file final.txt (compact mmCIF, C-alpha atoms and all ligand atoms)
# COMPACT_ATOMS: atom_id res chain seq x y z
CA MET A 1 10.66 17.74 -2.39
CA ASN A 2 14.34 17.04 -1.90
CA ALA A 3 17.13 17.32 0.63
CA THR A 4 20.72 16.22 1.05
CA ILE A 5 20.68 13.00 3.06
CA ASN A 6 23.87 11.05 3.81
CA GLY A 7 25.64 12.88 1.00
CA ALA A 8 23.03 12.16 -1.69
CA GLU A 9 20.36 14.47 -3.06
CA LEU A 10 17.21 12.54 -2.16
CA SER A 11 13.81 13.29 -3.57
CA TRP A 12 10.44 12.23 -2.16
CA GLN A 13 6.73 12.64 -2.62
CA GLU A 14 4.22 12.86 0.14
CA ASN A 15 0.53 13.31 0.86
CA GLY A 16 -1.75 13.35 3.88
CA GLU A 17 -1.35 14.37 7.49
CA GLY A 18 -0.88 12.33 10.62
CA ASP A 19 1.04 9.20 11.57
CA PRO A 20 3.78 8.53 9.02
CA VAL A 21 3.86 5.65 6.58
CA VAL A 22 7.04 5.38 4.49
CA PHE A 23 6.59 3.60 1.17
CA ILE A 24 9.76 2.03 -0.26
CA HIS A 25 9.69 1.17 -3.93
CA GLY A 26 11.02 -1.93 -5.66
CA PHE A 27 13.58 -2.38 -8.43
CA PRO A 28 13.95 -0.68 -10.86
CA PHE A 29 11.17 1.77 -10.07
CA HIS A 30 10.87 5.05 -8.16
CA SER A 31 8.43 6.78 -5.84
CA GLY A 32 5.85 6.95 -8.66
CA LEU A 33 5.17 3.28 -7.93
CA TRP A 34 3.08 4.47 -4.99
CA ALA A 35 0.93 7.06 -6.77
CA ASP A 36 -2.28 5.10 -6.12
CA GLN A 37 -1.47 4.76 -2.45
CA LEU A 38 -0.33 8.36 -1.83
CA SER A 39 -3.42 9.77 -3.50
CA ALA A 40 -5.67 7.68 -1.25
CA MET A 41 -3.97 8.00 2.13
CA PRO A 42 -6.43 7.09 4.88
CA ALA A 43 -7.44 9.93 7.21
CA GLY A 44 -4.92 10.40 10.00
CA PHE A 45 -1.94 9.11 8.00
CA ARG A 46 0.85 10.83 6.11
CA GLY A 47 2.37 8.89 3.23
CA ILE A 48 6.00 9.56 2.32
CA ALA A 49 7.56 7.87 -0.72
CA PRO A 50 11.28 8.46 -1.30
CA ASP A 51 13.12 7.85 -4.53
CA LEU A 52 15.85 5.55 -3.22
CA ARG A 53 19.34 6.80 -4.06
CA GLY A 54 20.06 6.35 -7.75
CA PHE A 55 16.37 6.06 -8.69
CA GLY A 56 13.91 8.64 -9.95
CA GLU A 57 15.14 12.11 -9.05
CA SER A 58 17.61 10.99 -6.37
CA SER A 59 21.35 11.07 -6.96
CA ALA A 60 23.81 8.30 -6.14
CA PRO A 61 27.25 9.81 -5.65
CA GLY A 62 30.25 7.52 -5.75
CA ARG A 63 30.55 4.02 -7.12
CA GLY A 64 29.95 0.51 -5.92
CA PRO A 65 26.83 -1.44 -5.01
CA LEU A 66 23.73 0.41 -3.84
CA THR A 67 23.18 -1.68 -0.76
CA MET A 68 19.99 -2.35 1.18
CA ASP A 69 21.76 -1.08 4.30
CA GLN A 70 22.59 2.22 2.60
CA HIS A 71 18.98 2.62 1.47
CA ALA A 72 17.79 1.81 5.01
CA ASP A 73 20.13 4.44 6.47
CA ASP A 74 18.87 6.92 3.86
CA VAL A 75 15.24 6.29 4.85
CA VAL A 76 16.14 6.90 8.48
CA GLY A 77 18.10 10.01 7.41
CA LEU A 78 14.98 11.25 5.66
CA MET A 79 12.86 10.51 8.74
CA ASP A 80 15.35 12.52 10.83
CA HIS A 81 15.17 15.35 8.32
CA LEU A 82 11.37 15.34 8.58
CA GLY A 83 11.38 15.05 12.39
CA ILE A 84 9.76 11.62 12.34
CA ARG A 85 10.60 9.33 15.22
CA GLN A 86 8.74 6.20 14.09
CA ALA A 87 6.94 5.20 10.93
CA VAL A 88 5.06 2.29 9.45
CA ILE A 89 7.40 0.92 6.79
CA CYS A 90 5.76 -0.44 3.65
CA GLY A 91 8.22 -2.00 1.20
CA LEU A 92 7.57 -3.72 -2.09
CA SER A 93 10.02 -6.35 -3.30
CA MET A 94 13.47 -4.68 -3.10
CA GLY A 95 11.68 -2.19 -0.82
CA GLY A 96 10.93 -5.17 1.45
CA TYR A 97 14.63 -6.10 1.46
CA VAL A 98 15.29 -2.51 2.56
CA ALA A 99 12.56 -2.82 5.23
CA PHE A 100 14.38 -5.83 6.69
CA SER A 101 17.66 -3.86 6.79
CA LEU A 102 15.81 -1.01 8.44
CA PHE A 103 14.38 -3.30 11.11
CA ARG A 104 17.80 -4.90 11.67
CA ARG A 105 19.67 -1.59 11.95
CA HIS A 106 17.10 0.85 13.34
CA ARG A 107 14.32 -1.21 14.86
CA SER A 108 13.14 1.49 17.27
CA ARG A 109 12.22 3.61 14.23
CA VAL A 110 9.82 1.00 12.81
CA ARG A 111 6.26 1.08 14.11
CA ALA A 112 4.86 -1.67 11.91
CA LEU A 113 5.71 -3.46 8.67
CA VAL A 114 3.90 -4.00 5.41
CA LEU A 115 5.86 -6.51 3.32
CA ALA A 116 4.52 -6.51 -0.23
CA ALA A 117 5.68 -8.90 -2.96
CA THR A 118 8.90 -9.61 -1.13
CA ARG A 119 10.95 -12.38 0.43
CA SER A 120 13.27 -12.78 3.40
CA ALA A 121 15.80 -15.10 1.76
CA ALA A 122 19.02 -13.89 0.15
CA ASP A 123 19.86 -14.62 -3.49
CA SER A 124 20.94 -18.11 -4.47
CA ALA A 125 24.34 -18.44 -6.19
CA GLU A 126 22.50 -18.74 -9.49
CA ALA A 127 20.45 -15.60 -8.87
CA LYS A 128 23.61 -13.67 -7.97
CA GLN A 129 25.23 -14.82 -11.18
CA GLY A 130 22.14 -13.72 -13.14
CA ARG A 131 22.32 -10.27 -11.53
CA THR A 132 26.01 -9.89 -12.41
CA GLU A 133 25.32 -10.78 -16.03
CA LEU A 134 22.33 -8.45 -16.22
CA ALA A 135 24.33 -5.61 -14.65
CA LYS A 136 27.01 -5.97 -17.36
CA LYS A 137 24.38 -5.99 -20.09
CA VAL A 138 22.59 -2.94 -18.70
CA LEU A 139 25.85 -0.99 -18.65
CA ASN A 140 26.60 -1.98 -22.24
CA GLU A 141 23.16 -1.80 -23.78
CA GLY A 142 21.09 0.50 -21.57
CA THR A 143 18.00 0.44 -19.38
CA SER A 144 15.86 -1.23 -22.06
CA VAL A 145 17.64 -4.55 -21.38
CA VAL A 146 16.24 -4.69 -17.87
CA VAL A 147 12.83 -3.43 -18.98
CA GLU A 148 12.50 -6.14 -21.64
CA SER A 149 13.75 -8.90 -19.36
CA MET A 150 11.58 -7.97 -16.39
CA LEU A 151 8.35 -6.63 -17.84
CA PRO A 152 6.93 -10.00 -18.98
CA LYS A 153 7.31 -11.34 -15.43
CA LEU A 154 6.04 -8.37 -13.47
CA LEU A 155 2.31 -8.56 -14.05
CA SER A 156 -0.44 -11.12 -13.83
CA ASP A 157 -1.37 -12.60 -17.24
CA ILE A 158 -4.70 -10.90 -16.97
CA THR A 159 -3.41 -7.35 -16.34
CA PRO A 160 -2.41 -6.53 -19.96
CA LYS A 161 -5.91 -7.62 -21.07
CA THR A 162 -7.93 -5.81 -18.43
CA LYS A 163 -5.66 -2.87 -17.57
CA PRO A 164 -3.26 -2.16 -20.46
CA GLU A 165 -2.56 1.27 -18.98
CA VAL A 166 -0.84 -0.44 -16.04
CA VAL A 167 1.63 -2.11 -18.43
CA ASP A 168 2.51 1.30 -19.88
CA ALA A 169 2.82 2.86 -16.43
CA VAL A 170 5.11 0.08 -15.15
CA ARG A 171 7.27 0.36 -18.27
CA ALA A 172 7.54 4.14 -17.83
CA LEU A 173 8.59 3.75 -14.18
CA MET A 174 11.45 1.47 -15.22
CA GLU A 175 12.52 3.55 -18.22
CA ALA A 176 12.93 6.60 -15.98
CA ASN A 177 16.05 5.08 -14.42
CA ASN A 178 19.64 5.21 -15.69
CA PRO A 179 21.78 2.15 -16.49
CA GLU A 180 24.56 2.92 -14.00
CA PRO A 181 22.44 3.00 -10.80
CA ILE A 182 20.43 0.03 -12.11
CA ALA A 183 23.66 -1.99 -12.38
CA ARG A 184 24.77 -0.83 -8.93
CA ALA A 185 21.38 -1.77 -7.48
CA LEU A 186 21.64 -5.25 -8.99
CA GLU A 187 24.98 -5.66 -7.21
CA GLY A 188 23.43 -4.32 -4.01
CA MET A 189 20.57 -6.82 -4.11
CA ALA A 190 22.97 -9.68 -4.84
CA SER A 191 25.01 -8.83 -1.75
CA ARG A 192 22.08 -8.41 0.65
CA ASP A 193 21.86 -10.35 3.90
CA ASP A 194 19.56 -13.29 4.36
CA SER A 195 16.78 -12.05 6.64
CA SER A 196 15.22 -15.43 7.39
CA ASP A 197 16.65 -15.52 10.92
CA LEU A 198 15.38 -12.00 11.52
CA LEU A 199 11.76 -13.04 11.10
CA ARG A 200 11.45 -14.49 14.59
CA GLU A 201 12.70 -11.21 16.05
CA ILE A 202 9.95 -9.18 14.44
CA ASP A 203 7.67 -8.24 17.32
CA ILE A 204 5.60 -5.52 15.70
CA SER A 205 2.38 -5.65 13.67
CA THR A 206 3.11 -7.03 10.21
CA LEU A 207 1.01 -7.38 7.10
CA VAL A 208 2.31 -9.59 4.29
CA ILE A 209 0.59 -8.91 1.01
CA HIS A 210 1.32 -10.80 -2.20
CA GLY A 211 -0.07 -11.43 -5.65
CA GLU A 212 -1.39 -14.94 -6.39
CA ASP A 213 0.19 -14.64 -9.84
CA ASP A 214 3.59 -13.25 -8.81
CA LEU A 215 6.21 -14.82 -11.10
CA VAL A 216 9.18 -12.90 -9.66
CA ILE A 217 8.65 -14.10 -6.08
CA PRO A 218 6.32 -17.10 -5.95
CA LYS A 219 3.60 -16.80 -3.31
CA GLY A 220 5.01 -19.81 -1.42
CA GLU A 221 7.96 -17.69 -0.35
CA ALA A 222 5.63 -15.05 1.10
CA GLN A 223 3.60 -17.72 2.89
CA LEU A 224 6.78 -19.13 4.43
CA MET A 225 7.92 -15.65 5.42
CA ALA A 226 4.55 -14.82 7.03
CA ARG A 227 4.62 -18.07 9.03
CA GLY A 228 8.00 -17.04 10.43
CA ILE A 229 6.72 -13.73 11.86
CA ARG A 230 4.69 -14.02 15.05
CA GLY A 231 1.13 -12.80 14.51
CA ALA A 232 1.71 -11.69 10.91
CA ARG A 233 -1.34 -11.52 8.70
CA ILE A 234 -1.03 -12.59 5.07
CA GLU A 235 -3.29 -11.53 2.23
CA LEU A 236 -3.05 -12.96 -1.28
CA LEU A 237 -4.51 -10.87 -4.08
CA GLU A 238 -6.18 -12.75 -6.91
CA ARG A 239 -5.42 -11.70 -10.49
CA ALA A 240 -2.40 -9.70 -9.33
CA GLY A 241 1.28 -10.27 -10.00
CA HIS A 242 4.46 -8.68 -8.65
CA VAL A 243 3.31 -5.06 -8.97
CA LEU A 244 0.11 -5.78 -7.08
CA ASN A 245 -0.36 -2.29 -5.68
CA MET A 246 -0.71 -0.97 -9.24
CA GLU A 247 -2.59 -3.97 -10.61
CA ASP A 248 -5.24 -3.91 -7.90
CA PRO A 249 -4.92 -0.62 -6.02
CA ALA A 250 -8.45 -0.80 -4.62
CA THR A 251 -7.82 -4.07 -2.76
CA PHE A 252 -4.30 -3.08 -1.78
CA ASN A 253 -5.52 0.23 -0.36
CA ARG A 254 -8.42 -1.39 1.49
CA LEU A 255 -6.09 -3.89 3.17
CA LEU A 256 -3.58 -1.16 3.98
CA LYS A 257 -6.28 1.04 5.50
CA GLU A 258 -7.65 -1.82 7.63
CA PHE A 259 -4.13 -2.58 8.83
CA LEU A 260 -3.31 1.05 9.64
CA ASP A 261 -6.62 1.72 11.34
CA ASN A 262 -6.14 -1.27 13.62
CA LEU A 263 -2.54 -0.69 14.66
CA PRO A 264 -2.01 -0.73 18.39
CA LEU A 265 -1.47 2.71 19.85
CA THR A 266 2.17 3.44 20.45
CA PHE A 267 3.60 5.24 23.42
CA GLU A 268 6.28 6.65 21.15
CA LEU A 269 5.70 10.15 19.93
CA THR A 270 5.34 10.00 16.18
CA THR A 271 7.21 13.21 15.66
CA PHE A 272 10.00 14.81 17.54
CA GLN A 273 12.20 17.79 17.29
CA LEU A 274 15.75 16.71 16.69
CA GLU A 275 18.31 18.26 18.92
CA ARG A 276 20.85 19.95 16.79
C1 LIG A 301 11.87 -5.84 -7.33
O1 LIG A 301 10.74 -5.79 -7.82
O2 LIG A 301 12.24 -5.04 -6.47
C2 LIG A 301 12.83 -6.89 -7.82
O3 LIG A 301 12.21 -7.71 -8.73
C3 LIG A 301 13.39 -7.69 -6.69
C4 LIG A 301 14.40 -8.69 -7.13
O4 LIG A 301 14.85 -8.64 -8.27
O5 LIG A 301 14.80 -9.52 -6.29
call {"tool": "encode", "arguments": {"input": "final.txt", "output": "structure tokens"}}
result
Amino acid sequence: MNATINGAELSWQENGEGDPVVFIHGFPFHSGLWADQLSAMPAGFRGIAPDLRGFGESSAPGRGPLTMDQHADDVVGLMDHLGIRQAVICGLSMGGYVAFSLFRRHRSRVRALVLAATRSAADSAEAKQGRTELAKKVLNEGTSVVVESMLPKLLSDITPKTKPEVVDAVRALMEANNPEPIARALEGMASRDDSSDLLREIDISTLVIHGEDDLVIPKGEAQLMARGIRGARIELLERAGHVLNMEDPATFNRLLKEFLDNLPLTFELTTFQLER
């Protein structure tokens, strides 16, 4: 499905009926990252996975960094388009950075948070520099530069041995994206806000879920983040790396279902008809 949202042609996939859960993919993936979650949506929940602007089938008009704030506004634009007042927001890695922007800018639209393989801190000066260099290389040499530099770090050591098909699937997700939006997304991540001070303002149910073997964002960062959010629950998945929802979908889906089934009832209507 697709629609024009905030001037971009945004595409999304969805499955299930009921209370909305918006799945926000990481970098440099697209909505296909969530195939194992969408196909197993718990009863009573509707999963919606957008391709963020510039990724998958979504366009990214203009130039300049693809910021987390723009992605957050796009997700809310999509929710408006679908008549959704509030949703559980589940973001993985860059998707978590977007979830923080969403909470900061549109907190009444967020029912609960699932923060997967992500961190609240902004980039260090060194990380920013690395992004700038990678962005230049991607523009000159193509998407394969980012695939080859990231792929070895994305999965637990054990995944290529036990689930080689996951390696192929992760590679295909990355290869589906074009160099220009990848470079713009690198700039967008480098310029994102530090969300560490936001943690203490999060007053909604939050599940932090992280791979024990994550090399991109070490689990210590997730533990620190979870400690900063009142009442947050943290789950560490053994034998899973950064793309934990694909490496161990059964455990990820079980934890997600438990979390969703136990959410406090909200007085907010989950859907509303926008006045036009
Ligand atoms: C992601 O998976 O979204 C990225 O690895 C996040 C990052 O590069 O900071």
call {"tool": "closest_residue", "arguments": {"input": "final.txt", "among": "A:Leu215, A:Val110, A:Ala35, A:Val21", "to": "ligand LIG 301 (chain A)", "atoms": "only C-alpha atoms and all ligand atoms"}}
result
A:Leu215
call {"tool": "atom_distance", "arguments": {"input": "final.txt", "atom1": "CA of Lys161 (chain A)", "atom2": "CA of Ile234 (chain A)"}}
result
27.1 Å
call {"tool": "closest_residue", "arguments": {"input": "final.txt", "among": "A:Thr162, A:Asn262, A:Thr67, A:Ser124", "to": "Arg184 (chain A)", "atoms": "only C-alpha atoms"}}
result
A:Thr67
call {"tool": "residues_near_ligand", "arguments": {"input": "final.txt", "ligand": "ligand LIG 301 (chain A)", "cutoff": "6 Å", "atoms": "only C-alpha atoms and all ligand atoms", "output": "list in words"}}
result
Gly26, Phe27, Ser93 and Met94 of chain A
call {"tool": "closest_residue", "arguments": {"input": "final.txt", "among": "A:Leu139, A:Leu265, A:Leu78, A:Leu198", "to": "Gly7 (chain A)", "atoms": "only C-alpha atoms"}}
result
A:Leu78
call {"tool": "residues_around", "arguments": {"input": "final.txt", "residues": "region 176-182 of chain A", "least_positions_apart": "4", "cutoff": "6 Å", "atoms": "all atoms listed in the file", "output": "PyMOL selection string"}}
result
chain A and resi 54-55+138-139+142-143
call {"tool": "residues_around", "arguments": {"input": "final.txt", "residues": "region 37-42 of chain A", "least_positions_apart": "5", "cutoff": "10 Å", "atoms": "only C-alpha atoms", "output": "MDAnalysis selection string"}}
result
chainID A and resid 13:18 21 23 31:32 47:49 245:246 249:250 252:254 256:258 260:261
call {"tool": "closest_residue", "arguments": {"input": "final.txt", "among": "A:Arg63, A:Lys128, A:His71, A:Arg109", "to": "Gly91 (chain A)", "atoms": "all atoms listed in the file"}}
result
A:His71
call {"tool": "closest_residue", "arguments": {"input": "final.txt", "among": "A:Leu82, A:Ala190, A:Ala172, A:Leu154", "to": "Leu244 (chain A)", "atoms": "only C-alpha atoms"}}
result
A:Leu154
call {"tool": "atom_distance", "arguments": {"input": "final.txt", "atom1": "CA of Gly62 (chain A)", "atom2": "CA of Ala8 (chain A)"}}
result
9.5 Å
call {"tool": "closest_residue", "arguments": {"input": "final.txt", "among": "A:Ala43, A:Val76, A:Ala121, A:Ala240", "to": "Gly96 (chain A)", "atoms": "only C-alpha atoms"}}
result
A:Ala121
call {"tool": "atom_distance", "arguments": {"input": "final.txt", "atom1": "CA of His106 (chain A)", "atom2": "CA of Arg233 (chain A)"}}
result
22.7 Å
call {"tool": "axis_aligned_box", "arguments": {"input": "final.txt", "around": "region 114-124 of chain A", "padding_each_side": "6 Å", "output": "JSON"}}
result
{"center_x": 12.4, "center_y": -11.1, "center_z": 0.5, "size_x": 29.0, "size_y": 26.1, "size_z": 21.9}
call {"tool": "residues_around", "arguments": {"input": "final.txt", "residues": "region 223-231 of chain A", "least_positions_apart": "6", "cutoff": "7 Å", "atoms": "all atoms listed in the file", "output": "list in words"}}
result
Arg119, Ser120, Leu199, Arg200, Ile202, Asp203 and Val208 of chain A
call {"tool": "write_last_selection", "arguments": {"input": "final.txt", "atoms": "C-alpha atoms", "output": "PDB file, in the frame of the given file"}}
result
ATOM      1  CA  ARG A 119      10.950 -12.380   0.430  1.00  0.00           C
ATOM      2  CA  SER A 120      13.270 -12.780   3.400  1.00  0.00           C
ATOM      3  CA  LEU A 199      11.760 -13.040  11.100  1.00  0.00           C
ATOM      4  CA  ARG A 200      11.450 -14.490  14.590  1.00  0.00           C
ATOM      5  CA  ILE A 202       9.950  -9.180  14.440  1.00  0.00           C
ATOM      6  CA  ASP A 203       7.670  -8.240  17.320  1.00  0.00           C
ATOM      7  CA  VAL A 208       2.310  -9.590   4.290  1.00  0.00           C
TER       8      VAL A 208
END
call {"tool": "residues_around", "arguments": {"input": "final.txt", "residues": "Glu9 (chain A)", "least_positions_apart": "3", "cutoff": "7 Å", "atoms": "all atoms listed in the file", "output": "MDAnalysis selection string"}}
result
chainID A and resid 2:5 58:59
call {"tool": "residues_around", "arguments": {"input": "final.txt", "residues": "Leu66 (chain A)", "least_positions_apart": "6", "cutoff": "10 Å", "atoms": "only C-alpha atoms", "output": "ChimeraX atom specification"}}
result
/A:52-54,60,181-189,191
call {"tool": "build_atoms", "arguments": {"input": "final.txt", "residues": "region 3-21 of chain A", "atoms": "N, CA, C and O atoms", "output": "PDB file, keeping the file's coordinate frame"}}
result
ATOM      1  N   ALA A   3      16.190  16.881  -0.415  1.00  0.00           N
ATOM      2  CA  ALA A   3      17.130  17.320   0.630  1.00  0.00           C
ATOM      3  C   ALA A   3      18.394  16.482   0.483  1.00  0.00           C
ATOM      4  O   ALA A   3      18.356  15.402  -0.107  1.00  0.00           O
ATOM      5  N   THR A   4      19.483  17.005   1.040  1.00  0.00           N
ATOM      6  CA  THR A   4      20.720  16.220   1.050  1.00  0.00           C
ATOM      7  C   THR A   4      20.694  15.305   2.258  1.00  0.00           C
ATOM      8  O   THR A   4      20.574  15.762   3.398  1.00  0.00           O
ATOM      9  N   ILE A   5      20.736  14.004   1.987  1.00  0.00           N
ATOM     10  CA  ILE A   5      20.680  13.000   3.060  1.00  0.00           C
ATOM     11  C   ILE A   5      21.878  12.076   2.872  1.00  0.00           C
ATOM     12  O   ILE A   5      22.028  11.467   1.803  1.00  0.00           O
ATOM     13  N   ASN A   6      22.692  11.940   3.873  1.00  0.00           N
ATOM     14  CA  ASN A   6      23.870  11.050   3.810  1.00  0.00           C
ATOM     15  C   ASN A   6      24.670  11.277   2.521  1.00  0.00           C
ATOM     16  O   ASN A   6      25.098  10.315   1.865  1.00  0.00           O
ATOM     17  N   GLY A   7      24.805  12.534   2.141  1.00  0.00           N
ATOM     18  CA  GLY A   7      25.640  12.880   1.000  1.00  0.00           C
ATOM     19  C   GLY A   7      24.978  12.736  -0.359  1.00  0.00           C
ATOM     20  O   GLY A   7      25.591  13.038  -1.377  1.00  0.00           O
ATOM     21  N   ALA A   8      23.747  12.272  -0.402  1.00  0.00           N
ATOM     22  CA  ALA A   8      23.030  12.160  -1.690  1.00  0.00           C
ATOM     23  C   ALA A   8      21.876  13.161  -1.700  1.00  0.00           C
ATOM     24  O   ALA A   8      21.322  13.510  -0.659  1.00  0.00           O
ATOM     25  N   GLU A   9      21.520  13.582  -2.904  1.00  0.00           N
ATOM     26  CA  GLU A   9      20.360  14.470  -3.060  1.00  0.00           C
ATOM     27  C   GLU A   9      19.140  13.558  -3.186  1.00  0.00           C
ATOM     28  O   GLU A   9      18.963  12.890  -4.204  1.00  0.00           O
ATOM     29  N   LEU A  10      18.352  13.464  -2.126  1.00  0.00           N
ATOM     30  CA  LEU A  10      17.210  12.540  -2.160  1.00  0.00           C
ATOM     31  C   LEU A  10      15.921  13.306  -2.404  1.00  0.00           C
ATOM     32  O   LEU A  10      15.689  14.371  -1.849  1.00  0.00           O
ATOM     33  N   SER A  11      15.082  12.695  -3.217  1.00  0.00           N
ATOM     34  CA  SER A  11      13.810  13.290  -3.570  1.00  0.00           C
ATOM     35  C   SER A  11      12.691  12.430  -2.978  1.00  0.00           C
ATOM     36  O   SER A  11      12.857  11.220  -2.829  1.00  0.00           O
ATOM     37  N   TRP A  12      11.577  13.033  -2.632  1.00  0.00           N
ATOM     38  CA  TRP A  12      10.440  12.230  -2.160  1.00  0.00           C
ATOM     39  C   TRP A  12       9.131  12.914  -2.482  1.00  0.00           C
ATOM     40  O   TRP A  12       9.079  14.099  -2.762  1.00  0.00           O
ATOM     41  N   GLN A  13       8.089  12.115  -2.446  1.00  0.00           N
ATOM     42  CA  GLN A  13       6.730  12.640  -2.620  1.00  0.00           C
ATOM     43  C   GLN A  13       5.969  12.344  -1.347  1.00  0.00           C
ATOM     44  O   GLN A  13       6.227  11.316  -0.707  1.00  0.00           O
ATOM     45  N   GLU A  14       5.018  13.191  -1.032  1.00  0.00           N
ATOM     46  CA  GLU A  14       4.220  12.860   0.140  1.00  0.00           C
ATOM     47  C   GLU A  14       2.814  13.417   0.030  1.00  0.00           C
ATOM     48  O   GLU A  14       2.543  14.312  -0.770  1.00  0.00           O
ATOM     49  N   ASN A  15       1.914  12.845   0.822  1.00  0.00           N
ATOM     50  CA  ASN A  15       0.530  13.310   0.860  1.00  0.00           C
ATOM     51  C   ASN A  15      -0.109  12.860   2.167  1.00  0.00           C
ATOM     52  O   ASN A  15       0.202  11.795   2.688  1.00  0.00           O
ATOM     53  N   GLY A  16      -1.011  13.693   2.667  1.00  0.00           N
ATOM     54  CA  GLY A  16      -1.750  13.350   3.880  1.00  0.00           C
ATOM     55  C   GLY A  16      -1.081  13.908   5.122  1.00  0.00           C
ATOM     56  O   GLY A  16       0.058  14.370   5.090  1.00  0.00           O
ATOM     57  N   GLU A  17      -1.849  13.836   6.215  1.00  0.00           N
ATOM     58  CA  GLU A  17      -1.350  14.370   7.490  1.00  0.00           C
ATOM     59  C   GLU A  17      -1.621  13.370   8.584  1.00  0.00           C
ATOM     60  O   GLU A  17      -2.696  12.760   8.611  1.00  0.00           O
ATOM     61  N   GLY A  18      -0.664  13.224   9.485  1.00  0.00           N
ATOM     62  CA  GLY A  18      -0.880  12.330  10.620  1.00  0.00           C
ATOM     63  C   GLY A  18       0.282  11.384  10.802  1.00  0.00           C
ATOM     64  O   GLY A  18       1.430  11.722  10.506  1.00  0.00           O
ATOM     65  N   ASP A  19      -0.021  10.172  11.273  1.00  0.00           N
ATOM     66  CA  ASP A  19       1.040   9.200  11.570  1.00  0.00           C
ATOM     67  C   ASP A  19       1.731   8.781  10.271  1.00  0.00           C
ATOM     68  O   ASP A  19       1.079   8.429   9.288  1.00  0.00           O
ATOM     69  N   PRO A  20       3.051   8.774  10.271  1.00  0.00           N
ATOM     70  CA  PRO A  20       3.780   8.530   9.020  1.00  0.00           C
ATOM     71  C   PRO A  20       3.807   7.082   8.562  1.00  0.00           C
ATOM     72  O   PRO A  20       3.938   6.154   9.365  1.00  0.00           O
ATOM     73  N   VAL A  21       3.691   6.941   7.255  1.00  0.00           N
ATOM     74  CA  VAL A  21       3.860   5.650   6.580  1.00  0.00           C
ATOM     75  C   VAL A  21       4.880   5.901   5.479  1.00  0.00           C
ATOM     76  O   VAL A  21       4.666   6.757   4.614  1.00  0.00           O
TER      77      VAL A  21
END
